[in-house]
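Asker: The structure file model.csv (CSV, C-alpha atoms) is provided below.
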chain,number,residue,atom,x,y,z
A,1,MET,CA,96.3,89.9,118.2
A,2,ALA,CA,98.3,92.9,119.5
A,3,ARG,CA,97.2,95.1,122.3
A,4,ARG,CA,98.5,98.7,122.8
A,5,ILE,CA,99.3,100.1,126.2
A,6,ASP,CA,100.4,103.7,126.5
A,7,VAL,CA,103.5,104.6,128.5
A,8,THR,CA,104.7,108.0,129.5
A,9,GLY,CA,108.4,108.3,128.8
A,10,ALA,CA,111.0,110.9,129.7
A,11,GLY,CA,109.9,114.5,129.2
A,12,GLY,CA,106.3,113.4,128.9
A,13,VAL,CA,106.7,111.7,125.5
A,14,ARG,CA,103.9,109.2,124.9
A,15,LEU,CA,105.2,105.8,124.0
A,16,ALA,CA,103.2,102.8,122.6
A,17,ALA,CA,103.9,99.4,124.2
A,18,TRP,CA,102.5,96.3,122.6
A,19,GLU,CA,101.6,92.8,123.9
A,20,PHE,CA,101.6,90.2,121.1
A,21,GLY,CA,99.6,87.5,122.9
A,22,ASP,CA,97.2,87.0,125.7
A,23,PRO,CA,98.5,88.4,129.0
A,24,PRO,CA,98.4,86.3,132.2
A,25,LYS,CA,94.8,86.6,133.5
A,26,SER,CA,96.1,87.4,137.0
A,27,ASP,CA,97.8,90.6,135.8
A,28,PRO,CA,95.5,93.5,136.8
A,29,ALA,CA,97.4,96.0,134.7
A,30,GLN,CA,96.0,94.5,131.5
A,31,LEU,CA,92.3,94.9,132.2
A,32,LEU,CA,90.3,98.0,132.9
A,33,PRO,CA,88.0,97.8,135.9
A,34,GLY,CA,85.2,95.5,135.2
A,35,GLN,CA,86.5,94.5,131.8
A,36,ALA,CA,86.6,90.8,131.0
A,37,GLU,CA,88.2,91.1,127.6
A,38,PRO,CA,91.7,92.3,126.6
A,39,LEU,CA,92.2,95.9,125.6
A,40,LEU,CA,91.7,96.7,121.9
A,41,PRO,CA,94.6,98.1,119.8
A,42,GLY,CA,95.0,101.8,120.5
A,43,GLN,CA,93.1,101.6,123.9
A,44,ALA,CA,95.4,102.6,126.7
A,45,ALA,CA,95.5,100.7,130.0
A,46,PRO,CA,95.8,102.8,133.2
A,47,VAL,CA,99.4,103.3,134.1
A,48,ASP,CA,98.9,104.4,137.7
A,49,GLU,CA,97.9,100.9,138.8
A,50,PRO,CA,100.8,98.6,137.8
A,51,SER,CA,101.0,95.0,139.1
A,52,ALA,CA,102.1,95.0,142.7
A,53,PRO,CA,105.6,93.8,143.4
A,54,GLY,CA,105.7,90.1,144.0
A,55,ALA,CA,102.3,89.6,142.4
A,56,ASP,CA,101.5,86.2,141.0
A,57,ARG,CA,102.4,86.7,137.4
A,58,ALA,CA,104.6,85.4,134.7
A,59,PRO,CA,108.2,86.8,134.5
A,60,GLY,CA,108.3,90.0,132.5
A,61,VAL,CA,110.2,90.5,129.2
A,62,LEU,CA,110.7,93.9,127.6
A,63,LEU,CA,111.8,93.8,123.9
A,64,LEU,CA,113.6,96.8,122.5
A,65,HIS,CA,114.0,97.2,118.7
A,66,GLY,CA,116.9,98.9,116.9
A,67,LEU,CA,117.2,102.2,115.1
A,68,MET,CA,114.4,102.6,112.6
A,69,GLY,CA,112.7,99.5,113.9
A,70,ARG,CA,109.4,99.1,115.6
A,71,ALA,CA,107.7,96.8,118.2
A,72,SER,CA,106.1,94.7,115.5
A,73,HIS,CA,109.5,93.4,114.4
A,74,TRP,CA,109.4,91.4,117.7
A,75,ALA,CA,106.0,89.9,117.0
A,76,SER,CA,107.2,86.4,116.3
A,77,THR,CA,109.5,86.4,119.4
A,78,ALA,CA,106.9,88.0,121.6
A,79,ARG,CA,104.2,85.5,120.7
A,80,TRP,CA,106.2,82.4,121.6
A,81,LEU,CA,107.5,84.1,124.7
A,82,SER,CA,104.0,84.9,125.8
A,83,GLU,CA,103.2,81.2,126.1
A,84,ARG,CA,105.1,81.3,129.4
A,85,HIS,CA,106.0,84.9,130.1
A,86,ARG,CA,104.5,88.4,129.9
A,87,ALA,CA,106.3,89.8,126.8
A,88,VAL,CA,105.9,93.5,125.9
A,89,ALA,CA,107.6,95.2,122.9
A,90,LEU,CA,108.1,99.0,123.0
A,91,ASP,CA,107.9,101.4,120.2
A,92,GLN,CA,110.8,103.7,121.3
A,93,ARG,CA,110.5,107.5,121.0
A,94,GLY,CA,110.5,108.6,117.3
A,95,HIS,CA,109.6,105.1,116.2
A,96,GLY,CA,106.5,103.2,115.3
A,97,GLN,CA,103.3,104.6,116.9
A,98,SER,CA,105.2,106.4,119.7
A,99,GLU,CA,105.3,110.2,119.6
A,100,LYS,CA,107.9,112.0,117.5
A,101,PRO,CA,108.0,115.6,118.9
A,102,PRO,CA,110.3,117.8,116.9
A,103,GLN,CA,111.9,119.2,120.0
A,104,ALA,CA,112.1,116.0,122.0
A,105,ALA,CA,115.4,114.7,123.3
A,106,PHE,CA,116.9,111.8,121.3
A,107,THR,CA,119.8,111.3,123.7
A,108,ARG,CA,121.0,108.0,125.2
A,109,GLU,CA,119.7,109.1,128.6
A,110,ALA,CA,116.2,109.7,127.1
A,111,TYR,CA,116.1,106.2,125.6
A,112,VAL,CA,117.3,104.6,128.8
A,113,ASP,CA,114.8,106.6,130.9
A,114,ASP,CA,112.0,105.6,128.5
A,115,ALA,CA,112.8,101.9,129.0
A,116,GLU,CA,113.0,102.3,132.7
A,117,ALA,CA,109.6,104.0,132.7
A,118,ALA,CA,108.1,101.2,130.7
A,119,LEU,CA,109.3,98.6,133.1
A,120,GLU,CA,107.9,100.4,136.1
A,121,GLN,CA,104.6,101.6,134.6
A,122,LEU,CA,103.8,98.1,133.1
A,123,GLY,CA,104.8,96.3,136.3
A,124,LEU,CA,107.3,94.1,134.4
A,125,ALA,CA,110.3,94.4,136.8
A,126,PRO,CA,112.5,92.7,137.6
A,127,ALA,CA,112.5,91.7,133.9
A,128,LEU,CA,114.5,90.2,131.1
A,129,LEU,CA,115.6,92.8,128.6
A,130,VAL,CA,115.9,91.7,124.9
A,131,GLY,CA,117.5,94.3,122.7
A,132,HIS,CA,118.5,94.5,119.0
A,133,ALA,CA,121.2,96.9,117.9
A,134,MET,CA,120.4,100.4,119.4
A,135,GLY,CA,117.8,98.6,121.6
A,136,ALA,CA,120.5,96.3,123.0
A,137,LEU,CA,122.7,99.3,123.9
A,138,THR,CA,119.7,100.8,125.7
A,139,ALA,CA,119.1,97.5,127.5
A,140,TRP,CA,122.6,97.1,128.8
A,141,GLN,CA,122.9,100.7,129.8
A,142,LEU,CA,119.6,100.3,131.8
A,143,ALA,CA,120.9,97.1,133.3
A,144,ALA,CA,124.0,98.9,134.5
A,145,LYS,CA,122.0,101.9,135.8
A,146,ARG,CA,119.1,100.0,137.5
A,147,PRO,CA,120.2,96.4,138.4
A,148,ASP,CA,117.1,96.1,140.6
A,149,LEU,CA,114.9,96.2,137.5
A,150,VAL,CA,116.7,93.7,135.4
A,151,HIS,CA,117.4,90.1,136.1
A,152,GLY,CA,118.5,89.0,132.6
A,153,LEU,CA,119.8,90.6,129.4
A,154,ILE,CA,120.0,89.5,125.7
A,155,ILE,CA,122.2,91.7,123.4
A,156,CYS,CA,121.5,91.1,119.7
A,157,ASP,CA,124.1,92.2,117.2
A,158,MET,CA,125.2,95.5,118.8
A,159,ARG,CA,128.8,96.7,119.0
A,160,ALA,CA,130.4,98.1,122.1
A,161,SER,CA,133.2,99.9,120.2
A,162,ALA,CA,133.0,103.4,118.9
A,163,LEU,CA,132.0,103.6,115.2
A,164,GLY,CA,133.3,107.1,114.5
A,165,ALA,CA,132.4,110.1,112.3
A,166,ALA,CA,132.9,108.3,109.0
A,167,SER,CA,130.1,105.9,110.0
A,168,GLN,CA,127.7,108.8,110.8
A,169,ARG,CA,128.4,110.5,107.5
A,170,GLU,CA,127.8,107.2,105.6
A,171,TRP,CA,124.4,106.9,107.3
A,172,GLY,CA,123.5,110.5,106.4
A,173,ASP,CA,124.4,109.8,102.7
A,174,TRP,CA,122.4,106.5,102.8
A,175,PHE,CA,119.3,108.3,104.0
A,176,LYS,CA,119.6,110.8,101.1
A,177,SER,CA,119.9,107.9,98.6
A,178,TRP,CA,116.4,106.5,99.5
A,179,PRO,CA,114.1,107.0,96.5
A,180,VAL,CA,111.2,108.3,98.5
A,181,PRO,CA,108.3,108.3,98.1
A,182,PHE,CA,108.0,104.7,97.1
A,183,ALA,CA,105.1,104.1,94.7
A,184,THR,CA,104.1,100.8,96.3
A,185,LEU,CA,105.1,98.5,99.1
A,186,ALA,CA,106.5,96.1,96.5
A,187,ASP,CA,108.9,98.9,95.5
A,188,VAL,CA,109.9,99.2,99.2
A,189,ARG,CA,110.6,95.5,99.4
A,190,LYS,CA,112.6,95.4,96.2
A,191,TRP,CA,114.7,98.5,96.9
A,192,PHE,CA,115.7,97.5,100.5
A,193,GLY,CA,115.9,93.8,99.6
A,194,GLU,CA,117.8,94.1,96.2
A,195,ASP,CA,118.6,97.6,94.9
A,196,ASP,CA,120.0,99.3,98.0
A,197,PRO,CA,123.8,99.7,97.5
A,198,TRP,CA,124.3,98.4,101.0
A,199,VAL,CA,122.8,95.0,100.0
A,200,GLU,CA,125.5,92.6,99.0
A,201,ARG,CA,123.0,89.9,97.8
A,202,PRO,CA,119.2,89.7,97.5
A,203,ASN,CA,117.7,89.6,101.0
A,204,PRO,CA,113.9,89.4,101.0
A,205,SER,CA,113.7,89.5,104.8
A,206,ARG,CA,115.4,92.9,104.8
A,207,GLY,CA,112.9,94.2,102.3
A,208,ALA,CA,110.1,92.9,104.5
A,209,PHE,CA,111.7,94.5,107.6
A,210,TYR,CA,111.7,98.0,106.0
A,211,ALA,CA,108.2,97.6,104.5
A,212,GLU,CA,107.0,97.4,108.1
A,213,VAL,CA,108.3,100.8,108.9
A,214,MET,CA,106.6,102.5,105.9
A,215,GLN,CA,103.2,104.3,105.9
A,216,GLU,CA,101.1,105.4,103.0
A,217,SER,CA,100.9,109.2,102.3
A,218,ALA,CA,99.3,111.3,99.6
A,219,ASP,CA,102.2,110.8,97.3
A,220,GLY,CA,103.3,107.3,98.1
A,221,TRP,CA,105.0,105.3,100.9
A,222,ARG,CA,107.3,107.1,103.3
A,223,PRO,CA,109.0,106.0,106.6
A,224,VAL,CA,107.0,106.3,109.8
A,225,PHE,CA,110.0,108.0,111.4
A,226,GLU,CA,111.9,111.2,110.6
A,227,PRO,CA,115.4,110.4,109.2
A,228,GLU,CA,116.8,113.5,111.0
A,229,GLN,CA,115.6,112.2,114.3
A,230,MET,CA,117.2,108.8,113.5
A,231,LEU,CA,120.5,110.6,112.8
A,232,LYS,CA,120.2,112.6,116.1
A,233,SER,CA,119.6,109.3,118.0
A,234,ARG,CA,122.6,107.6,116.3
A,235,GLU,CA,125.0,110.4,116.9
A,236,THR,CA,124.6,110.0,120.6
A,237,TRP,CA,126.4,106.7,120.6
A,238,VAL,CA,128.6,106.3,117.5
A,239,PHE,CA,131.4,108.5,118.8
A,240,ASP,CA,131.8,106.7,122.1
A,241,ALA,CA,132.7,103.2,123.2
A,242,HIS,CA,130.4,101.5,125.7
A,243,TRP,CA,132.6,98.9,127.4
A,244,GLU,CA,132.4,100.5,130.8
A,245,GLU,CA,128.6,100.0,131.1
A,246,LEU,CA,129.1,96.3,130.1
A,247,THR,CA,131.3,95.8,133.2
A,248,GLN,CA,128.5,97.2,135.4
A,249,VAL,CA,125.9,94.7,134.3
A,250,GLN,CA,125.3,92.4,137.2
A,251,CYS,CA,122.7,90.0,135.8
A,252,PRO,CA,123.3,87.0,133.4
A,253,ALA,CA,123.8,88.3,129.9
A,254,LEU,CA,123.8,86.6,126.5
A,255,VAL,CA,125.5,88.2,123.5
A,256,VAL,CA,124.0,86.9,120.2
A,257,ARG,CA,125.4,87.7,116.7
A,258,GLY,CA,124.5,86.7,113.2
A,259,LEU,CA,127.4,85.2,111.3
A,260,ASP,CA,127.0,87.9,108.6
A,261,GLY,CA,125.9,90.7,111.0
A,262,GLU,CA,127.6,93.9,112.1
A,263,LEU,CA,129.1,92.5,115.3
A,264,GLY,CA,132.2,90.5,114.6
A,265,ARG,CA,133.0,87.3,116.5
A,266,ALA,CA,136.2,88.7,118.2
A,267,GLU,CA,134.3,91.8,119.5
A,268,ALA,CA,131.3,89.7,120.6
A,269,GLN,CA,133.6,87.3,122.5
A,270,GLU,CA,135.4,90.3,124.1
A,271,MET,CA,132.0,91.6,125.2
A,272,VAL,CA,131.2,88.3,126.8
A,273,ARG,CA,134.6,88.4,128.6
A,274,VAL,CA,133.9,91.9,129.9
A,275,LEU,CA,130.4,91.1,131.1
A,276,PRO,CA,130.6,89.7,134.7
A,277,ARG,CA,128.1,86.9,133.8
A,278,GLY,CA,128.4,86.9,130.0
A,279,GLN,CA,127.5,84.1,127.6
A,280,TYR,CA,127.8,83.8,123.8
A,281,ALA,CA,125.6,82.5,121.0
A,282,GLU,CA,125.6,82.9,117.2
A,283,VAL,CA,123.1,82.3,114.5
A,284,ALA,CA,124.2,80.8,111.1
A,285,ASP,CA,122.8,82.2,107.8
A,286,ALA,CA,121.8,85.4,109.6
A,287,GLY,CA,122.8,89.0,109.0
A,288,HIS,CA,122.2,92.0,111.3
A,289,LEU,CA,118.5,91.4,111.5
A,290,VAL,CA,119.1,88.1,113.4
A,291,HIS,CA,115.7,87.6,114.9
A,292,TYR,CA,114.0,88.7,111.7
A,293,ASP,CA,116.3,86.7,109.3
A,294,GLN,CA,116.1,83.4,111.1
A,295,PRO,CA,113.4,83.4,113.7
A,296,GLU,CA,113.6,79.6,114.4
A,297,ALA,CA,117.3,79.6,114.7
A,298,TRP,CA,117.2,82.7,116.8
A,299,ARG,CA,114.7,81.0,119.2
A,300,ALA,CA,117.0,77.9,119.4
A,301,ALA,CA,120.0,80.2,120.2
A,302,ILE,CA,118.3,82.0,123.1
A,303,GLU,CA,115.9,79.5,124.5
A,304,PRO,CA,118.4,77.7,126.8
A,305,PHE,CA,119.4,81.0,128.3
A,306,LEU,CA,115.8,82.0,128.8
A,307,ASP,CA,115.1,78.7,130.5
A,308,ALA,CA,117.9,79.3,132.9
A,309,VAL,CA,117.0,82.9,133.6
A,310,LEU,CA,113.3,83.1,133.5
A,311,THR,CA,111.7,81.0,136.2
A,312,VAL,CA,108.2,81.5,137.5
I'd like the structure from this file rewritten - as structure tokens, please.

Answerer:
Amino acid sequence: MARRIDVTGAGGVRLAAWEFGDPPKSDPAQLLPGQAEPLLPGQAAPVDEPSAPGADRAPGVLLLHGLMGRASHWASTARWLSERHRAVALDQRGHGQSEKPPQAAFTREAYVDDAEAALEQLGLAPALLVGHAMGALTAWQLAAKRPDLVHGLIICDMRASALGAASQREWGDWFKSWPVPFATLADVRKWFGEDDPWVERPNPSRGAFYAEVMQESADGWRPVFEPEQMLKSRETWVFDAHWEELTQVQCPALVVRGLDGELGRAEAQEMVRVLPRGQYAEVADAGHLVHYDQPEAWRAAIEPFLDAVLTV
């Protein structure tokens, strides 16, 4: 099951947070007064009564998806984490079931402030942050900004180097190449898994990943996000390097890459060197969507780090 909890992000943007698993029964933030059963999907928990600091609860984990992703991409990870920890995945602004206001800010500061608000309103802090791609950048920027809220960090396949204007133009052209609307979800899976020019070889998991971010409309299947908002979000980080924030992360941090991902080994190892308490792991036979491509290998790669950092 998945339960939705509403969070108020920066500028009043409503964000959807999701728990994929039964929460610890001692956590009062998860039950409405007098309620014995978990909240239903879409039913908001009160956010003005978070768990008290030091309350008897499992260590908190906040999972942050990448650009164009959604909380459900973390479902497998969140479910096994929930066996011992309180694991919450956030639909970030402009993504999933969170709000997508046309005039909302899609800046780095807004994304970081949203994650900060989620930790505080859900009573998760001090928490482990697990981020993929853009979500990983948000995670390490928050860890640098608010070390009191973060006691562990996992960075999944995100570069610290500047990507540049050419990269942003390529993404703009890529969005224009999508044959939307897709007639069926099978067409979505086939295009992103086989026909997309960015696909070097058939990749069913990539097709499934993008099928999860489509919704049915009157004329077919379209993305749940606005491509222009995605480009706005991306342009706030691609022109800059982000090494300085890595040096400010005080908690233990694990850098994970897929062998065929976007983060190269040399850059990943330099990120580990720059992090004051950095560690390194890699996942074979995985591309950029490490946790989605190889969920069991991903778990094996990060579980030793989790065991060391997350203690009840």

Asker: Determine, counting all atoms listed in the file, which protein, DNA and RNA residues have an atom within 6 Å of an atom of stretch 275-292 of chain A; residues of the same chain fewer than 4 positions away are not included. Present the result as a ChimeraX atom specification.

Answerer: /A:246-247,252-262,298

Asker: Hey, which of A:Asp195, A:Glu226, A:Glu120, A:Asp157 ends up closest to A:Arg93? Count all atoms listed in the file.

Answerer: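 Closest to A:Arg93 of all the choices is A:Glu226.
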
Asker: Measuring atom to atom with all atoms listed in the file, identify which of A:Lys145, A:Arg299, A:Arg159, A:Arg265 is nearest to A:Gln250.

Answerer: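 For A:Gln250, the nearest of the given residues is A:Lys145.
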
Asker: When you draw a straight line from atom CA of A:Gln215 to atom CA of A:Val88, how long is it in Å?

Answerer: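 Separating atom CA of A:Gln215 from atom CA of A:Val88 is a distance of 22.9 Å.
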
Asker: Go through A:Glu270, A:Glu194, A:Asp240, A:Asp219 and flag the residue nearest A:Phe182, using only C-alpha atoms for the distances.

Answerer: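 Of A:Glu270, A:Glu194, A:Asp240, A:Asp219, the one nearest A:Phe182 is A:Asp219, counting only C-alpha atoms.
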
Asker: Tell me which residues come within 6 Å of (131.5, 103.7, 117.3), as a list in words, counting all atoms listed in the file in the file's coordinates.

Answerer: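 The answer, in the requested form, is Ser161, Ala162, Leu163, Gly164, Val238, Phe239 and Asp240 of chain A.
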
Asker: Have a look at A:Met230, A:Val61, A:Leu153, A:Ala75 and name the one nearest to A:Phe209; count all atoms listed in the file.

Answerer: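 Of A:Met230, A:Val61, A:Leu153, A:Ala75, the one nearest A:Phe209, counting all atoms listed in the file, is A:Ala75.
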